[in-house]
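S.K.: Sending over a structure as structure tokens; questions will come in a sec.
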Amino acid sequence: IFRNISLTSWKSIFFQIILISIFLFFLIFNYLNQLSQNLPTLTQLDKFNPEEATNIYSAEKILIKQIYSKKREMVNITDIPKHLIDALLVMEDREFYDHHGLNIKATVRALGINLISMSRKQGASTITQQLARNMYADAKRDSTYIGSDKTIDRKLKEFITALKIEQVYSK
């Protein structure tokens, strides 16, 4: 079937494939550029201040009451035991030190499993992507947000923000 196609036809087919590829590249680039317009800046990341518990103390500095909608307490990374960090990495992102915000192998694996099962059983978010999603999940907090919807747009926003985070901050 391919023997009857002339060299000129092959060149024409090759040229058309190149043109379509360039068009698709610019289309995808434009789409990602538009998605990234309303994403958080790294300045916002530096100013991140999660809601913490309000502590009410007596005059004797005894804790009387904690008031909170989400009970959080900021802890310095140096105060977290190494074995707890290692356990988190094993459970959430085994290849944390080997990627730059996106674990391609895990993403392909999860996509394959989800397509075969026709469900969303597998996730592939890296810790950096989880950080991006959780820090900017709520539109009420800021005009720039990623959201928590299970959509491709959210995953792409998460990925772009994770790349920004990984470019600026060390592991």
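Chains: A, B, ... in order of the structure tokens. Residues: from 1 per chain. Ligands: from 1, in order shown.
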Give the strand (DSSP E) residues of region 12-157 of chain A, as assigned by DSSP on the backbone, as a count of residues only.
M.R.: 9
S.K.: Mind checking which residues fall within 10 Å of Lys157 (chain A), counting only C-alpha atoms, ignoring those fewer than 3 positions away in the same chain, and posting them as a list in words?
M.R.: Leu32, Leu35, Ser36, Gln37, Asn38, Leu39, Pro40, Gln129, Ala132, Arg133, Tyr145, Ile146, Gly147, Ile152, Asp153, Arg154, Ile160, Thr161, Ala162 and Leu163 of chain A
S.K.: With a distance cut-off of 9 Å and only C-alpha atoms, select the neighbouring residues of Glu166 (chain A), excluding the residue or stretch itself and same-chain residues fewer than 6 positions from it, and output the selection as a PDB file with N, CA and C atoms, in the first residue's frame.
M.R.:
```pdb
ATOM      1  N   HIS A 100      11.087  17.536  39.701  1.00  0.00           N
ATOM      2  CA  HIS A 100      11.036  18.994  39.822  1.00  0.00           C
ATOM      3  C   HIS A 100       9.595  19.491  39.884  1.00  0.00           C
ATOM      4  N   GLY A 101       8.765  18.808  40.647  1.00  0.00           N
ATOM      5  CA  GLY A 101       7.388  19.243  40.823  1.00  0.00           C
ATOM      6  C   GLY A 101       6.355  18.312  40.231  1.00  0.00           C
ATOM      7  N   THR A 128       4.849  18.677  46.293  1.00  0.00           N
ATOM      8  CA  THR A 128       4.856  20.077  45.846  1.00  0.00           C
ATOM      9  C   THR A 128       3.513  20.441  45.221  1.00  0.00           C
TER      10      THR A 128
END
```
S.K.: Nearest to Gln167 (chain A) among A:Ile113, A:His99, A:Gln16, A:Ser125, with distances taken over only C-alpha atoms: which residue is it?
M.R.: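 Answer, going by the shortest atom-to-atom distance: A:His99.
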S.K.: Given only C-alpha atoms as the basis, pick out the residue of A:Val168, A:Phe23, A:Trp10, A:Ile127 nearest to Leu88 (chain A).
M.R.: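 Among the listed residues, A:Ile127 lies closest to Leu88 (chain A).
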S.K.: I'd like to know which of A:Leu115, A:Leu45, A:Glu95, A:Ile20 is closest to Leu131 (chain A), using only C-alpha atoms.
M.R.: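 With only C-alpha atoms as the atom set, the closest residue is A:Leu45.
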S.K.: Looking at only C-alpha atoms, which of A:Lys11, A:Leu19, A:Glu158, A:Arg120 is the one that sits closest to Asn134 (chain A)?
M.R.: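 Ranked by minimum distance to Asn134 (chain A), first place goes to A:Glu158.
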S.K.: May I ask for the distance between CA of Gly123 (chain A) and CA of Leu156 (chain A), given in Å to one decimal place?
M.R.: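 It comes out at 13.9 Å.
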S.K.: Between A:Asp98, A:Ala124, A:Asp86, A:Phe14, which residue has the minimum interatomic distance to Ala110 (chain A), considering only C-alpha atoms?
M.R.: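 Result for the nearest residue to Ala110 (chain A): A:Ala124.
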